[in-house]
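Written out below as structure tokens is the structure these notes cover.
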Amino acid sequence: MKKILIVDDTPQIIQFLTIALTASGYEVITAGTASAGLELARSRDIDLMILDLGLPDMNGKDLIATLRPEFAKPIIVLSAHDQEIERIMALDLGADDFIAKPFGIGELLARVRVCLRTPATNTTPSSRLVIDTSAHQVFLDGAPVKLTPKEFQLAQYLSSHPGKLLTHRSILKEVWGPAHVEDIPYLRVFIGQLRKKLSLGDLSPIQIQSEPGIGYRWVLRGTS
Amino acid sequence: MPGAMALLIVSTVTLSLGGSLAETDRMLLYLLAVGCAAWMGGLVPGMIAAVLAVGVQNFLFAEPHYTLFVSNPRDLLTLGVFLAVAAAIGALIGLLRRERDRAFDQATVLQLLSENAQDLQRPTTGEAVMAQTAQSLARITLEPVLVFERLQGEPQLLLSLPERLAPTAADLQAAAQCLTYRTTEAATASGWSGSAFTFLPVSGPDATTYALGYHRLPDAHPAPARTAAAMVLAEQAKLALERLDFAARASEEKLRAALLASLSHDLRTPLASILGAATTLKEFSGQLPPAVQGELIGAIEGETRRLSSYVSNLLQMTRLQAGIRLETDWVDLGDVIGGAIARAVQTHPDAKITRQAVDLPMIRAEGALLEQALYNLLDNALRHTKGRITVTAGIEGKQLDIGIHDQGPGLGALGPAGLGLRITKGIAQALGGDLILSDHAKGGLSAVIALPAPLSDDS
């Protein structure tokens with residue numbers, strides 16, 4: 001049974017999260033403060049952490065920064081809509097995903113499932129699109145697609161994290177290098193080209209979803 | 001005066017020494033006297049002393065003695081050369097003296113101005129700024145100072161130095177001119193009718209304007225430096241007023257940002273709980289035991305009540321800010337307190353509230369508004385402490401106090417005032433009273449709504 005740690009200072013939110021996650025077959029541990037959360041994350045064998053950014057005793061970002069070096073498991077951040085900067089910083093500090101408050105439980109459970117999926121099952125399950133990493137080739141409906149090296153790297157990086165939100169900075173850093181983490185317009189152009197070349201429209205089984213102001217998500221429809 | 005004295009001394013000395021003093025020595029002594037006069041009195045006394053010295057020597061020593069007639073043409077030449085030399089020395093020393101005085105004066109004024117600039121960092125109100133400026137102005141001009149402000153279109157004396165100084169009608173008129181047109185009103189010359197004060201306008205960034213007046217300076221004063229200094233003082237005061245206004249606006253802005261943040265948190269948290277609990281019920285209703293379903297429904301109910309009280313707070317705030325008139329009526333204070341406690345218990349089921357208020361009067365208020373104010377205080381207390389909360393009410397003199405006392409961490413833990421406390425203060429003020437927060441003697445926070453007590457013959 002996967003163990004989930006919830007760190008939130010609102011009892012009502014802890015309550016329904018606990019009920020829903022338990023009913024979904026997870027084991028739930030809760031903490032009302034950042035310090036209690038830190039201690040539980042260190043001492044117990046946690047598989048995933050759900051963290052509210054607005055904790056009374058410590059900023060959520062600081063908690064992530066403190067915890068990240070020793071805690072490799074996914075962290076999902078709960079945040080308000082107007083905390084966009086906080087949210088981006090949290091993601092850049094190593095959070096895996098975020099959910100804006102208020103949210104429906106279905107949305108949260110989907111994010112939890114994505115985060116807990118093991119990398120082994122992460123091969124692209126689409127019959128239409130095949131990314132051959134060793135040959136540096138992409139096939140759409142069996143026909144090879146001509147991608148530039150950067151486009152290929154981008155497609156490869158996104159598709160290797162299906163369902164996961166990748167921030168602009170992390171994508172730019174991975175594909176273009178640390179010197180280019182601010183070149184967001186650049187990234188936007190490449191995403192546009194990739195969508196066109198791979199025919200990733202609104203109805204295609206694979207989509208590159210944009211999280212405005214934050215980053216992109218490689219979504220396999222029907223699975224997330 | 002100093003010139004005449006010096007000449008008198010020199011004359012006495014030379015006469016008493018009689019013939020033992022050579023003519024050149026005598027003349028040097030007189031030159032010394034002229035020099036002294038010029039140093040002590042300045043340029044004009046120096047020149048006068050030079051002429052006098054010639055006259056005295058002519059009278060005492062040039063033949064015939066004791067007349068101003070000079071018989072020997074050689075003496076005439078000597079006296080003429082002496083006059084030229086004495087006048088030149090007198091003029092030079094006099095000018096030197098004047099320059100020295102000016103330099104000293106300038107240094108003093110600059111010193112006072114820089115002290116004033118430093119002292120102006122401290123005041124926190126416009127009046128304090130003007131008080132400081134007036135004091136510096138009096139120290140620089142060494143003359144009386146008047147400061148006026150505009151009150152309902154009329155000039156109103158803010159302060160005077162010395163304190164008992166009363167402005168004349170002419171002063172008032174000049175100040176009114178200065179305040180209305182925001183121009184400098186110069187003092188009339190000595191001996192003419194009109195104000196003896198020069199008024200400088202000092203206007204802050206808001207509508208406030210002050211007239212800074214100083215008494216006309218005596219002619220002997222090295223005036224230019226001091227007149228210029230008065231203008232610099234007015235400019236410094238204006239800058240200080242601008243700084244005050246800026247600081248006030250910055251803190252207001254900060255407060256507004258804090259309020260907005262707490263507002264967004266207060267509204268979003270119950271919404272998140274309600275949506276989460278509702279979707280959980282929808283998703284898992286089949287799997288959840290009835291007790292758990294009940295818990296979720298209870299949470300939805302409680303959070304909806306909480307949200308509802310925030311929303312009514314918001315509406316009340318909008319109403320108070322829009323300045324809509326209160327609909328006051330006679331209400332039973334006991335009922336209002338009871339209503340607020342009942343609501344607090346609904347949102348905080350484990351609340352421990354004691355009521356120490358009996359025999360409460362009817363008061364004129366808007367019941368719903370006052371209940372909201374009391375509920376806000378209870379809610380605030382319940383969020384900060386699990387301990388017992390005491391509600392008191394009583395009349396003391398002309399004041400009706402309704403107090404909420406908790407056992408929490410007290411004033412220090414309040415942080416930026418949230419929406420609830422702000423509304424409560426607003427409501428108390430709208431009802432003619434105020435909200436007073438203080439640390440309780442036995443620990444915890446005391447929040448007291450102080451209202452004007454109802455008149456006994458009315459109730």
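Numbering starts fresh at 1 for the residues of each chain in the structure tokens, the chains themselves are lettered A, B, ... in the order given, and ligands are numbered from 1 as they appear.
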
Near-Lys282 in chain B list (12 Å; only C-alpha atoms; drop same-chain fewer than 6 positions) as a tab-separated table (two decimals) with N, CA, C and O atoms, in the first residue's frame:
```
chain	number	residue	atom	x	y	z
A	16	PHE	N	-11.17	15.63	4.36
A	16	PHE	CA	-11.70	15.01	3.14
A	16	PHE	C	-10.59	14.34	2.33
A	16	PHE	O	-10.82	13.32	1.68
A	20	ALA	N	-10.86	10.50	1.17
A	20	ALA	CA	-10.81	10.14	-0.25
A	20	ALA	C	-9.61	9.26	-0.57
A	20	ALA	O	-9.73	8.27	-1.30
A	104	GLY	N	-11.47	19.78	-7.16
A	104	GLY	CA	-12.29	18.59	-6.95
A	104	GLY	C	-11.37	17.42	-6.64
A	104	GLY	O	-10.22	17.41	-7.06
A	105	ILE	N	-11.91	16.43	-5.93
A	105	ILE	CA	-11.06	15.33	-5.47
A	105	ILE	C	-10.56	14.49	-6.65
A	105	ILE	O	-9.46	13.96	-6.62
A	106	GLY	N	-11.40	14.41	-7.74
A	106	GLY	CA	-11.01	13.62	-8.91
A	106	GLY	C	-9.70	14.11	-9.50
A	106	GLY	O	-8.81	13.33	-9.85
B	275	LEU	N	-15.65	22.28	-1.59
B	275	LEU	CA	-15.56	21.59	-2.88
B	275	LEU	C	-14.92	20.22	-2.71
B	275	LEU	O	-15.39	19.22	-3.27
B	276	GLY	N	-13.88	20.14	-1.90
B	276	GLY	CA	-13.20	18.87	-1.68
B	276	GLY	C	-14.12	17.85	-1.04
B	276	GLY	O	-14.22	16.70	-1.49
B	288	LEU	N	-18.27	4.74	1.27
B	288	LEU	CA	-18.02	5.30	2.59
B	288	LEU	C	-19.08	4.90	3.59
B	288	LEU	O	-20.28	4.91	3.28
B	293	GLN	N	-19.59	9.67	5.92
B	293	GLN	CA	-20.37	10.58	5.08
B	293	GLN	C	-20.91	11.74	5.92
B	293	GLN	O	-20.90	12.89	5.49
B	296	LEU	N	-18.26	14.35	6.53
B	296	LEU	CA	-18.04	15.22	5.38
B	296	LEU	C	-19.16	16.24	5.25
B	296	LEU	O	-18.91	17.43	4.99
B	297	ILE	N	-20.39	15.78	5.46
B	297	ILE	CA	-21.52	16.71	5.36
B	297	ILE	C	-21.43	17.76	6.46
B	297	ILE	O	-21.67	18.95	6.22
```

Practice prompt. Compute the set of chain B residues within 7 Å of chain A, using only C-alpha atoms, and express it as a PyMOL selection string.
Written response: chain B and resi 268+271-273+275-277+279-280+296+299

Written file, previous selection with N, CA and C atoms, as a CSV table (one decimal), in the first residue's frame:
```
chain,number,residue,atom,x,y,z
B,268,ARG,N,-10.9,31.5,0.3
B,268,ARG,CA,-10.6,30.4,-0.4
B,268,ARG,C,-10.5,29.1,0.4
B,271,LEU,N,-13.9,27.5,0.8
B,271,LEU,CA,-14.3,27.0,-0.5
B,271,LEU,C,-13.6,25.7,-0.9
B,272,ALA,N,-12.3,25.7,-0.6
B,272,ALA,CA,-11.5,24.4,-0.9
B,272,ALA,C,-12.1,23.3,-0.1
B,273,SER,N,-12.4,23.5,1.2
B,273,SER,CA,-12.9,22.4,2.0
B,273,SER,C,-14.3,22.0,1.5
B,275,LEU,N,-15.6,22.3,-1.6
B,275,LEU,CA,-15.6,21.6,-2.9
B,275,LEU,C,-14.9,20.2,-2.7
B,276,GLY,N,-13.9,20.1,-1.9
B,276,GLY,CA,-13.2,18.9,-1.7
B,276,GLY,C,-14.1,17.8,-1.0
B,277,ALA,N,-14.8,18.3,0.0
B,277,ALA,CA,-15.7,17.3,0.7
B,277,ALA,C,-16.9,16.9,-0.2
B,279,THR,N,-17.0,16.8,-3.5
B,279,THR,CA,-16.5,15.9,-4.6
B,279,THR,C,-16.2,14.5,-4.1
B,280,THR,N,-15.6,14.5,-2.8
B,280,THR,CA,-15.3,13.2,-2.2
B,280,THR,C,-16.6,12.4,-2.0
B,296,LEU,N,-18.3,14.3,6.5
B,296,LEU,CA,-18.0,15.2,5.4
B,296,LEU,C,-19.2,16.2,5.3
B,299,ALA,N,-18.7,18.9,7.8
B,299,ALA,CA,-17.6,19.8,7.4
B,299,ALA,C,-18.2,20.8,6.4
```

Worksheet item: Tell me, which residues of range 244-355 of chain B carry DSSP alpha helix (DSSP H), written as an MDAnalysis selection string?
Response: chainID B and resid 244:284 290:322 333:347

Discussion item. List the spatial neighbours of range 141-153 of chain A as a VMD selection string - criterion: any atom at most 12 Å away, only C-alpha atoms, same-chain residues fewer than 5 positions off excluded.
Written reply: chain A and resid 126 to 136 158 to 160 171 to 177 186 to 199

Discussion item. I want to know what sits within 10 Å of Pro155 in chain B, based on only C-alpha atoms, with residues of the same chain fewer than 2 positions away left out; could you give that as a list of chain:residue names?
Written reply: B:Val147, B:Phe148, B:Glu149, B:Arg150, B:Leu151, B:Gln152, B:Gly153, B:Leu157, B:Leu158, B:Leu172, B:Gln173, B:Ala174, B:Ala175, B:Ala176, B:Gln177, B:Cys178, B:Leu179, B:Thr180, B:Thr209, B:Tyr210, B:Ala211

How about saving the chosen residues, N, CA, C and O atoms kept, as a PDB file, in the first residue's frame?
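out.pdb written:
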```pdb
ATOM      1  N   VAL B 147       2.882  80.821  12.738  1.00  0.00           N
ATOM      2  CA  VAL B 147       2.533  79.809  11.744  1.00  0.00           C
ATOM      3  C   VAL B 147       1.015  79.703  11.700  1.00  0.00           C
ATOM      4  O   VAL B 147       0.363  79.522  12.723  1.00  0.00           O
ATOM      5  N   PHE B 148       0.464  79.833  10.492  1.00  0.00           N
ATOM      6  CA  PHE B 148      -0.981  79.705  10.302  1.00  0.00           C
ATOM      7  C   PHE B 148      -1.272  78.469   9.482  1.00  0.00           C
ATOM      8  O   PHE B 148      -0.454  78.038   8.661  1.00  0.00           O
ATOM      9  N   GLU B 149      -2.459  77.900   9.698  1.00  0.00           N
ATOM     10  CA  GLU B 149      -2.943  76.879   8.767  1.00  0.00           C
ATOM     11  C   GLU B 149      -4.335  77.282   8.323  1.00  0.00           C
ATOM     12  O   GLU B 149      -4.957  78.153   8.894  1.00  0.00           O
ATOM     13  N   ARG B 150      -4.800  76.604   7.267  1.00  0.00           N
ATOM     14  CA  ARG B 150      -6.094  76.949   6.718  1.00  0.00           C
ATOM     15  C   ARG B 150      -7.124  76.017   7.325  1.00  0.00           C
ATOM     16  O   ARG B 150      -7.012  74.801   7.236  1.00  0.00           O
ATOM     17  N   LEU B 151      -8.128  76.598   7.958  1.00  0.00           N
ATOM     18  CA  LEU B 151      -9.182  75.782   8.544  1.00  0.00           C
ATOM     19  C   LEU B 151     -10.520  76.313   8.051  1.00  0.00           C
ATOM     20  O   LEU B 151     -10.893  77.442   8.361  1.00  0.00           O
ATOM     21  N   GLN B 152     -11.214  75.521   7.260  1.00  0.00           N
ATOM     22  CA  GLN B 152     -12.480  75.932   6.660  1.00  0.00           C
ATOM     23  C   GLN B 152     -12.332  77.282   5.969  1.00  0.00           C
ATOM     24  O   GLN B 152     -13.137  78.196   6.160  1.00  0.00           O
ATOM     25  N   GLY B 153     -11.277  77.410   5.189  1.00  0.00           N
ATOM     26  CA  GLY B 153     -11.092  78.614   4.391  1.00  0.00           C
ATOM     27  C   GLY B 153     -10.512  79.787   5.154  1.00  0.00           C
ATOM     28  O   GLY B 153     -10.111  80.772   4.558  1.00  0.00           O
ATOM     29  N   LEU B 157      -4.387  80.362  13.616  1.00  0.00           N
ATOM     30  CA  LEU B 157      -3.041  80.380  14.192  1.00  0.00           C
ATOM     31  C   LEU B 157      -2.698  78.992  14.714  1.00  0.00           C
ATOM     32  O   LEU B 157      -3.414  78.428  15.538  1.00  0.00           O
ATOM     33  N   LEU B 158      -1.623  78.413  14.189  1.00  0.00           N
ATOM     34  CA  LEU B 158      -1.214  77.080  14.634  1.00  0.00           C
ATOM     35  C   LEU B 158      -0.273  77.217  15.825  1.00  0.00           C
ATOM     36  O   LEU B 158      -0.407  76.507  16.815  1.00  0.00           O
ATOM     37  N   LEU B 172      -3.153  88.651  10.125  1.00  0.00           N
ATOM     38  CA  LEU B 172      -4.148  87.671   9.681  1.00  0.00           C
ATOM     39  C   LEU B 172      -4.434  87.832   8.195  1.00  0.00           C
ATOM     40  O   LEU B 172      -4.529  86.852   7.459  1.00  0.00           O
ATOM     41  N   GLN B 173      -4.534  89.106   7.779  1.00  0.00           N
ATOM     42  CA  GLN B 173      -4.854  89.365   6.381  1.00  0.00           C
ATOM     43  C   GLN B 173      -3.717  88.887   5.473  1.00  0.00           C
ATOM     44  O   GLN B 173      -3.956  88.241   4.446  1.00  0.00           O
ATOM     45  N   ALA B 174      -2.484  89.193   5.889  1.00  0.00           N
ATOM     46  CA  ALA B 174      -1.334  88.776   5.088  1.00  0.00           C
ATOM     47  C   ALA B 174      -1.257  87.255   5.028  1.00  0.00           C
ATOM     48  O   ALA B 174      -0.994  86.668   3.968  1.00  0.00           O
ATOM     49  N   ALA B 175      -1.527  86.589   6.172  1.00  0.00           N
ATOM     50  CA  ALA B 175      -1.488  85.124   6.210  1.00  0.00           C
ATOM     51  C   ALA B 175      -2.561  84.550   5.299  1.00  0.00           C
ATOM     52  O   ALA B 175      -2.325  83.570   4.584  1.00  0.00           O
ATOM     53  N   ALA B 176      -3.752  85.175   5.305  1.00  0.00           N
ATOM     54  CA  ALA B 176      -4.843  84.696   4.460  1.00  0.00           C
ATOM     55  C   ALA B 176      -4.444  84.791   2.986  1.00  0.00           C
ATOM     56  O   ALA B 176      -4.684  83.865   2.206  1.00  0.00           O
ATOM     57  N   GLN B 177      -3.806  85.915   2.613  1.00  0.00           N
ATOM     58  CA  GLN B 177      -3.324  86.083   1.232  1.00  0.00           C
ATOM     59  C   GLN B 177      -2.371  84.955   0.866  1.00  0.00           C
ATOM     60  O   GLN B 177      -2.483  84.334  -0.183  1.00  0.00           O
ATOM     61  N   CYS B 178      -1.427  84.727   1.781  1.00  0.00           N
ATOM     62  CA  CYS B 178      -0.397  83.722   1.546  1.00  0.00           C
ATOM     63  C   CYS B 178      -1.027  82.341   1.386  1.00  0.00           C
ATOM     64  O   CYS B 178      -0.668  81.578   0.498  1.00  0.00           O
ATOM     65  N   LEU B 179      -2.022  82.029   2.239  1.00  0.00           N
ATOM     66  CA  LEU B 179      -2.647  80.705   2.212  1.00  0.00           C
ATOM     67  C   LEU B 179      -3.498  80.537   0.965  1.00  0.00           C
ATOM     68  O   LEU B 179      -3.559  79.454   0.380  1.00  0.00           O
ATOM     69  N   THR B 180      -4.184  81.620   0.553  1.00  0.00           N
ATOM     70  CA  THR B 180      -5.095  81.501  -0.577  1.00  0.00           C
ATOM     71  C   THR B 180      -4.331  81.372  -1.892  1.00  0.00           C
ATOM     72  O   THR B 180      -4.624  80.504  -2.703  1.00  0.00           O
ATOM     73  N   THR B 209      -2.096  73.464   3.641  1.00  0.00           N
ATOM     74  CA  THR B 209      -1.139  74.535   3.387  1.00  0.00           C
ATOM     75  C   THR B 209      -0.905  75.283   4.690  1.00  0.00           C
ATOM     76  O   THR B 209      -1.833  75.483   5.473  1.00  0.00           O
ATOM     77  N   TYR B 210       0.335  75.653   4.938  1.00  0.00           N
ATOM     78  CA  TYR B 210       0.674  76.457   6.103  1.00  0.00           C
ATOM     79  C   TYR B 210       1.288  77.762   5.619  1.00  0.00           C
ATOM     80  O   TYR B 210       1.883  77.818   4.544  1.00  0.00           O
ATOM     81  N   ALA B 211       1.133  78.807   6.429  1.00  0.00           N
ATOM     82  CA  ALA B 211       1.828  80.064   6.169  1.00  0.00           C
ATOM     83  C   ALA B 211       2.862  80.231   7.273  1.00  0.00           C
ATOM     84  O   ALA B 211       2.521  80.278   8.458  1.00  0.00           O
TER      85      ALA B 211
END
```

Worksheet item: What does the distance between CA of Leu48 in chain A and CA of Pro74 in chain A come to in Å, to one decimal place?
Response: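 Straight-line distance from CA of Leu48 in chain A to CA of Pro74 in chain A works out to 5.1 Å.
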
Worksheet item: Using only C-alpha atoms, which residues sit within 8 Å of range 202-217 of chain A once same-chain residues fewer than 6 positions away are excluded, as a list of chain:residue names?
Response: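 What passes the distance filter is A:Glu84, A:Ile88, A:Ser126, A:Leu158, A:Pro162, A:Gly163, A:Lys164, A:Leu165, A:Leu166, A:Thr167, A:His168, A:Arg169, A:Ile191, A:Arg195.
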
Fill in: strand (DSSP E or B) residues, from DSSP on the backbone, in range 121-222 of chain A, as a ChimeraX atom specification
/A:129-132,137-140,143-145,162,165-167,206-211,215-220
